[in-house]
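J.: My questions all concern the structure below.
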Amino acid sequence: MTDTTSNPQADTARASELGAVARFLKATEIDTRMLGMIGALLVIWIGLHVISSLRLGVNPLDFDSRTFLTPRNLWNLSVQTSAVAIMACGMVLVIVMRNIDLSVGSAEGLIGMVMGFAQVHFLVRFVGLELGNPWIWVLALVIGLALGLLIGAFQGFVIAYLEVPAFIVTLGGLLVWRGAAWWVTSGQTVAPLNATFQLMGGGPAGSIGATWSWVVGIVACLAVVFGLFNGRVQRKRFRFPLRPIWAEALLGVVTCGAIMGAVWLANSYPWPIGIVNRYAAANNITVPEGGLFIAHGIAIPVLMAVAVGLVMTFITNRTRFGRYVFAIGGNPEAANLAGINTRWITMKVFMIMGVLATIAAAISSARQNSATNVLGTLDELLVIAAAVIGGTSLAGGSGTIIGAMLGALLMQSLQSGMVLLGVDSPLQSIVVGAVLVIAVWLDTVYRKRV
Amino acid sequence: MTDKTAPAATALIDMRNISIAFGGIRAVDDASIDLFPGEVVALLGHNGAGKSTLIKILSGAYKRDSGQIFVNGEEASISNPRDAKKYGIETIYQTLALADNVDAAANLFLGRELMTAWGTLDDVAMEAEARKVMGRLNPRFQRFKEPVIKLSGGQRQSVAIARAILFNARILIMDEPTAALGPQETAQVGELVKQLKSDGIGIFLISHDIHDVFELADRVCVMKNGQVVGTARTTDVTQDEVLGMIILGKCPPGAIPGPGALKIAA
């Protein structure tokens, strides 16, 4: 969405009083908050890069392969962020409606266990499918999605219709689903998972390769250009004020540049030597001098996260349901008096959360190639933190999907950056906790001033 | 009681013997009131007299314990705000009942959004429509993109009123419509009420301002302690007499007494 910020009409008289920066922001209609987040992310990335370079005693501008800003590290970061980013999208809606969901980590654990059990034991032993059957991963995922929907519907029903506070219901869920995850196999780890299912976890096989990555990048850029153009046509149709052409062009160039840059990064990370050699042997390719370069390209879980982000953005901005979620968050009584079925909307939001927990569970378990009953432990806190850092107000009524996803990326950057720097895990927790509080404090200051 | 002296036309709204109790308190006690097309009926009374409660029963916000509601002569079942809207009953609440975090257009169309052929929200069309309606009500209003929490009291009021008239309400309930407004905006609301009246819309007006009431209303209905003291044409009673009804519950000769009228020893 590009037209949610500022008011472009009628105050052209005041435009002359604005400074250069303000005029720029006004013309491009960029959300300053979003700009701040991107700035913070860049500061963290550059900071971690410089520190990791100095620790190794190398020049930061050499981009040594063991430092932070390398294709390998950023690629891994993108995969690690996926699961939390996907759940953060749902958490935005939950929090916007003045609710909370503390159970997502546990639900993720239970659903992961059930999907693992389904593909390794249930579908093979009880249904009688062969181990390599291509339907196994589909059926396992369908079972998981149904369970996620059911968990969400159940919690949503208790919250909306039985009027038990969401905090309590999902606190109960946190304990119940985690306990249930243990019961699925009495705590035994389920592995290895179905080969196709594993693709959702990323890795050399679970990436789409260089060519397709470029295709995805180009399609995305075309979509951006079309979106800008279409927005302009719509505004013209109703004679609303337009952005200056240079602002439209700048937005298009920067967005497309970021997309193509990300694709280039993903395509700069080669498969590990061992895997390349095995692949070459299997396909009768002779490995040239200096090794064969096969790029990862964009990882499948990242594509899934982007798809979820797009769908959720569409739902929040362009559908009646999304509009109602925000209206209820702003004033539940007004929404009810306007004839909105607030209970049903509440229940639906929790159902969406359940489905997203399933997708996250699929990614996390596929990445580990196993389902364990501790899968997703403490994820609820990362997800809530991502949403809140991304500008979702706990008082309800405001928040964006893209903000929450950036929030997830920011949290994950800190965490994996500290792992890279060899920071002890207790100190990691301390830093993450402190950053959360500071980020929300800064946001409070920002909201007061704007 | 029902007003049998009214003209032969069917009443737009006829609420008969409505009662509701919260805990042990009878907030509305056996109240009856009616409204005809193109008529403004003012509901008067002290704070806590039961005006707002009675009207919230009509708008579906509260569910009555007993009594009947007739819309156009047919018995209506109203148990939530959605039901009331089906009968063309729109309400402008004292608290304005706006979603503070979304913009004016979103509030105007809340619950009845315009959709594109693709089934998505048609924000541009809604904004265009909002500009038209607001242009009629408050021509200087320009802040269409801002959340309504940033608007002034009067601007919020115009949004709330625009919201009600946008949907061709047949029955409009205005709960203290001018409480938050300056003199000029109050005059605008007065103009609007007259305009809506001439369109044949029936209006229930809840107000504390007796001057407003005499200027705008055709009839007054006074409530005290949850009961109707009496109903009268504004041409048949004086302002002092109406004050007497509000304060003492004393029903003047020009009014039709209700169950709440002060019983004078014969």
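Chain lettering (A, B, ...) mirrors the order of the structure tokens, residue numbering begins at 1 for each chain separately, and ligand numbering begins at 1 in order of display.
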As a list of chain:residue names, please: the residues near Val94 in chain A (cut-off 8 Å, only C-alpha atoms, same-chain neighbours under 5 positions excluded).

T.: A:Asn99, A:Ile100, A:Asp101, A:Val349, A:Phe350, A:Met353

J.: Would you export the selected residues with C-alpha atoms as a PDB file, in the first residue's frame, please?

T.:
```pdb
ATOM      1  CA  ASN A  99      -6.152  -9.756  21.752  1.00  0.00           C
ATOM      2  CA  ILE A 100      -2.961 -11.726  22.211  1.00  0.00           C
ATOM      3  CA  ASP A 101      -1.929 -15.246  21.268  1.00  0.00           C
ATOM      4  CA  VAL A 349      -8.562 -14.094  13.148  1.00  0.00           C
ATOM      5  CA  PHE A 350      -7.554 -16.920  15.467  1.00  0.00           C
ATOM      6  CA  MET A 353      -3.302 -17.591  13.213  1.00  0.00           C
TER       7      MET A 353
END
```

J.: Using only C-alpha atoms and a cut-off of 6 Å, which residues of chain B sit close to chain A? Please list them as a ChimeraX atom specification.

T.: /B:81-82,97-101,111,120-121,145

J.: Pick out each residue of range 46-223 of chain B that DSSP on the backbone tags as helix (DSSP H, G or I); I need them as a PyMOL selection string.

T.: chain B and resi 51-58+81-86+104-108+123-137+148-150+153-165+183-198+210-216

J.: Once you have the residues from the selection above, write them out as a short mmCIF file (atom, residue, chain, number, x, y, z; two decimals), in the first residue's frame, restricted to C-alpha atoms.

T.:
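out36.cif, written as the output of this step:
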```
data_model
loop_
_atom_site.label_atom_id
_atom_site.label_comp_id
_atom_site.auth_asym_id
_atom_site.auth_seq_id
_atom_site.Cartn_x
_atom_site.Cartn_y
_atom_site.Cartn_z
CA LYS B 51 -34.21 8.37 27.06
CA SER B 52 -30.98 6.88 25.77
CA THR B 53 -31.91 3.43 26.99
CA LEU B 54 -35.29 3.54 25.26
CA ILE B 55 -33.65 4.63 22.04
CA LYS B 56 -30.93 2.00 22.29
CA ILE B 57 -33.67 -0.60 22.41
CA LEU B 58 -34.94 0.73 19.10
CA PRO B 81 -27.92 -3.42 15.54
CA ARG B 82 -27.95 -5.42 12.30
CA ASP B 83 -31.69 -6.06 12.69
CA ALA B 84 -32.39 -2.37 13.24
CA LYS B 85 -30.48 -1.40 10.11
CA LYS B 86 -32.60 -3.84 8.10
CA ALA B 104 -13.60 9.28 7.49
CA ALA B 105 -14.51 7.27 4.40
CA ALA B 106 -13.92 3.97 6.18
CA ASN B 107 -16.15 5.13 9.01
CA LEU B 108 -18.88 6.34 6.70
CA ASP B 123 -11.45 2.69 -1.39
CA VAL B 124 -11.32 5.23 -4.18
CA ALA B 125 -15.04 5.02 -4.83
CA MET B 126 -15.77 5.23 -1.11
CA GLU B 127 -13.57 8.28 -0.76
CA ALA B 128 -15.23 9.91 -3.76
CA GLU B 129 -18.66 9.21 -2.28
CA ALA B 130 -17.50 10.46 1.12
CA ARG B 131 -16.30 13.69 -0.48
CA LYS B 132 -19.74 14.19 -2.00
CA VAL B 133 -21.67 13.64 1.23
CA MET B 134 -19.27 15.60 3.39
CA GLY B 135 -19.31 18.39 0.83
CA ARG B 136 -23.03 18.77 1.47
CA LEU B 137 -22.69 18.72 5.25
CA VAL B 148 -10.93 10.34 12.72
CA ILE B 149 -9.26 10.56 16.13
CA LYS B 150 -7.29 13.51 14.72
CA GLY B 153 -15.40 17.42 17.73
CA GLY B 154 -17.47 19.13 15.08
CA GLN B 155 -15.75 17.28 12.25
CA ARG B 156 -16.30 13.99 14.01
CA GLN B 157 -19.92 14.93 14.43
CA SER B 158 -20.29 15.61 10.73
CA VAL B 159 -18.75 12.23 9.99
CA ALA B 160 -21.24 10.56 12.33
CA ILE B 161 -24.18 12.38 10.75
CA ALA B 162 -22.95 11.77 7.21
CA ARG B 163 -22.68 8.12 8.09
CA ALA B 164 -26.35 8.00 9.02
CA ILE B 165 -27.72 9.92 6.03
CA PRO B 183 -22.93 27.61 17.36
CA GLN B 184 -22.27 27.54 13.63
CA GLU B 185 -22.10 23.78 13.45
CA THR B 186 -25.23 23.53 15.58
CA ALA B 187 -27.03 25.68 13.05
CA GLN B 188 -25.78 23.38 10.30
CA VAL B 189 -27.22 20.37 12.09
CA GLY B 190 -30.52 22.27 12.43
CA GLU B 191 -30.57 22.90 8.69
CA LEU B 192 -29.81 19.26 8.07
CA VAL B 193 -32.64 18.09 10.31
CA LYS B 194 -35.09 20.27 8.37
CA GLN B 195 -33.77 18.95 5.08
CA LEU B 196 -34.10 15.34 6.19
CA LYS B 197 -37.60 16.04 7.48
CA SER B 198 -38.68 17.32 4.10
CA ILE B 210 -34.97 22.96 25.17
CA HIS B 211 -34.54 25.85 22.71
CA ASP B 212 -33.20 23.48 20.09
CA VAL B 213 -36.10 21.20 20.72
CA PHE B 214 -38.73 23.87 20.24
CA GLU B 215 -37.07 25.00 17.07
CA LEU B 216 -36.74 21.58 15.46
#
```

J.: Residues at most 6 Å from range 363-377 of chain A, counting only C-alpha atoms, excluding those fewer than 5 positions away in the same chain, as an mmCIF file with N, CA and C atoms, in the first residue's frame?

T.:
```
data_model
loop_
_atom_site.group_PDB
_atom_site.id
_atom_site.type_symbol
_atom_site.label_atom_id
_atom_site.label_comp_id
_atom_site.auth_asym_id
_atom_site.auth_seq_id
_atom_site.Cartn_x
_atom_site.Cartn_y
_atom_site.Cartn_z
ATOM 1 N N GLY A 105 3.701 -20.742 19.681
ATOM 2 C CA GLY A 105 4.887 -21.596 19.713
ATOM 3 C C GLY A 105 4.513 -23.042 20.015
ATOM 4 N N GLU A 108 2.574 -24.559 17.184
ATOM 5 C CA GLU A 108 3.539 -24.906 16.137
ATOM 6 C C GLU A 108 4.192 -26.251 16.467
ATOM 7 N N GLY A 109 4.570 -26.430 17.738
ATOM 8 C CA GLY A 109 5.199 -27.677 18.169
ATOM 9 C C GLY A 109 4.279 -28.871 17.962
ATOM 10 N N GLY A 112 3.665 -29.520 14.238
ATOM 11 C CA GLY A 112 4.877 -30.094 13.647
ATOM 12 C C GLY A 112 4.997 -31.581 13.974
ATOM 13 N N MET A 113 4.732 -31.914 15.238
ATOM 14 C CA MET A 113 4.788 -33.314 15.657
ATOM 15 C C MET A 113 3.759 -34.144 14.899
ATOM 16 N N GLY A 116 4.792 -34.599 11.347
ATOM 17 C CA GLY A 116 5.913 -35.534 11.294
ATOM 18 C C GLY A 116 5.437 -36.960 11.495
ATOM 19 N N ALA A 181 1.965 -32.101 22.362
ATOM 20 C CA ALA A 181 3.045 -32.406 21.428
ATOM 21 C C ALA A 181 3.880 -33.569 21.957
ATOM 22 N N TRP A 182 4.043 -33.610 23.268
ATOM 23 C CA TRP A 182 4.811 -34.706 23.864
ATOM 24 C C TRP A 182 4.072 -36.030 23.693
ATOM 25 N N THR A 189 11.625 -38.171 19.073
ATOM 26 C CA THR A 189 11.802 -37.356 17.879
ATOM 27 C C THR A 189 11.400 -38.160 16.642
ATOM 28 N N VAL A 190 10.722 -37.500 15.706
ATOM 29 C CA VAL A 190 10.308 -38.167 14.465
ATOM 30 C C VAL A 190 11.233 -37.719 13.338
ATOM 31 N N ALA A 191 11.930 -38.667 12.714
ATOM 32 C CA ALA A 191 12.848 -38.338 11.619
ATOM 33 C C ALA A 191 13.166 -39.606 10.847
ATOM 34 N N PRO A 192 13.636 -39.545 9.634
ATOM 35 C CA PRO A 192 13.717 -38.354 8.787
ATOM 36 C C PRO A 192 12.377 -38.078 8.117
ATOM 37 N N LEU A 193 12.163 -36.858 7.716
ATOM 38 C CA LEU A 193 10.894 -36.488 7.102
ATOM 39 C C LEU A 193 10.902 -36.811 5.612
ATOM 40 N N GLN A 198 10.696 -31.932 3.008
ATOM 41 C CA GLN A 198 11.933 -31.260 3.430
ATOM 42 C C GLN A 198 12.253 -30.013 2.615
ATOM 43 N N MET A 200 10.540 -27.591 2.003
ATOM 44 C CA MET A 200 10.016 -26.385 2.646
ATOM 45 C C MET A 200 10.990 -25.811 3.667
ATOM 46 N N GLY A 201 12.045 -26.560 3.980
ATOM 47 C CA GLY A 201 13.013 -26.086 4.971
ATOM 48 C C GLY A 201 14.196 -25.353 4.362
#
```

J.: If I take CA of Leu48 in chain A and CA of Phe68 in chain A, how far is one from the other in Å, to one decimal?

T.: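 Taking CA of Leu48 in chain A and CA of Phe68 in chain A, their separation equals 6.2 Å.
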
J.: Within 10 Å of Val225 in chain A, counting only C-alpha atoms, which residues qualify if same-chain residues fewer than 3 places away don't, as a PyMOL selection string?

T.: chain A and resi 219-222+228-231+248-249+251-253+255-256

J.: My list of candidates is A:Ala27, A:Ile285, A:Leu110, A:Ile46. Which is closest to Leu242 in chain A when distances are computed with only C-alpha atoms?

T.: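 Closest to Leu242 in chain A of all the choices is A:Ala27.
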
J.: So which one's closest to Ile51 in chain A, A:Thr400, A:Gly422, A:Ile30, A:Ile273? Using only C-alpha atoms, please.

T.: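 Of the candidates, the smallest distance to Ile51 in chain A is held by A:Gly422.
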
J.: Identify, on the basis of only C-alpha atoms, every residue whose closest approach to Asp443 in chain A does not exceed 10 Å; exclude the query and any residue fewer than 6 positions from it along the same chain; express the result as a list in words.

T.: Arg33, Gly36, Val388, Ile389, Gly390, Gly391, Thr392, Ser393, Val437 and Arg449 of chain A

J.: Would you please work out which residue, of B:Ile13, B:Val102, B:Ile20, B:Pro253, is nearest to Ala76 in chain B when using only C-alpha atoms?

T.: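 Among the listed residues, B:Ile13 lies closest to Ala76 in chain B.
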
J.: Just to confirm, what's the straight-line distance from CA of Gly244 in chain B to CA of Arg64 in chain B in Å (one decimal)?

T.: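 About the pair CA of Gly244 in chain B and CA of Arg64 in chain B: they are 28.8 Å apart.
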
J.: Separation of CA of Ser78 in chain A and CA of Val302 in chain A, in Å?

T.: 6.4 Å

J.: Env of Gly249 in chain B: 7 Å cut, atoms = only C-alpha atoms, seq-sep filter 3 positions within chain, self excluded. Answer as a list of chain:residue names.

T.: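 The residues satisfying every condition are B:Lys224, B:Val229, B:Gly244, B:Met245, B:Ile246, B:Ala261, B:Leu262.
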
J.: Which residue, A:Ala299, A:Val58, A:Leu381, A:Val233, has the smallest gap to Leu77 in chain A when you use only C-alpha atoms?

T.: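 The answer is A:Ala299, which sits nearest to Leu77 in chain A.
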
J.: Which residues, written as a ChimeraX atom specification, have at least one atom at most 7 Å from Arg343 in chain A, with only C-alpha atoms counted and residues fewer than 4 positions away on the same chain left out?

T.: /A:160-161,347

J.: Could you dump the residues just selected with C-alpha atoms as an mmCIF file, in the first residue's frame?

T.:
```
data_model
loop_
_atom_site.group_PDB
_atom_site.id
_atom_site.type_symbol
_atom_site.label_atom_id
_atom_site.label_comp_id
_atom_site.auth_asym_id
_atom_site.auth_seq_id
_atom_site.Cartn_x
_atom_site.Cartn_y
_atom_site.Cartn_z
ATOM 1 C CA ALA A 160 -15.203 -14.687 21.218
ATOM 2 C CA TYR A 161 -18.296 -16.581 22.278
ATOM 3 C CA MET A 347 -12.837 -16.317 15.722
#
```

J.: Just checking: using only C-alpha atoms, which residue out of B:Ile203, B:Ile247, B:Ile92, B:Ile18 ends up closest to Ala31 in chain B?

T.: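 Result for the nearest residue to Ala31 in chain B: B:Ile18.
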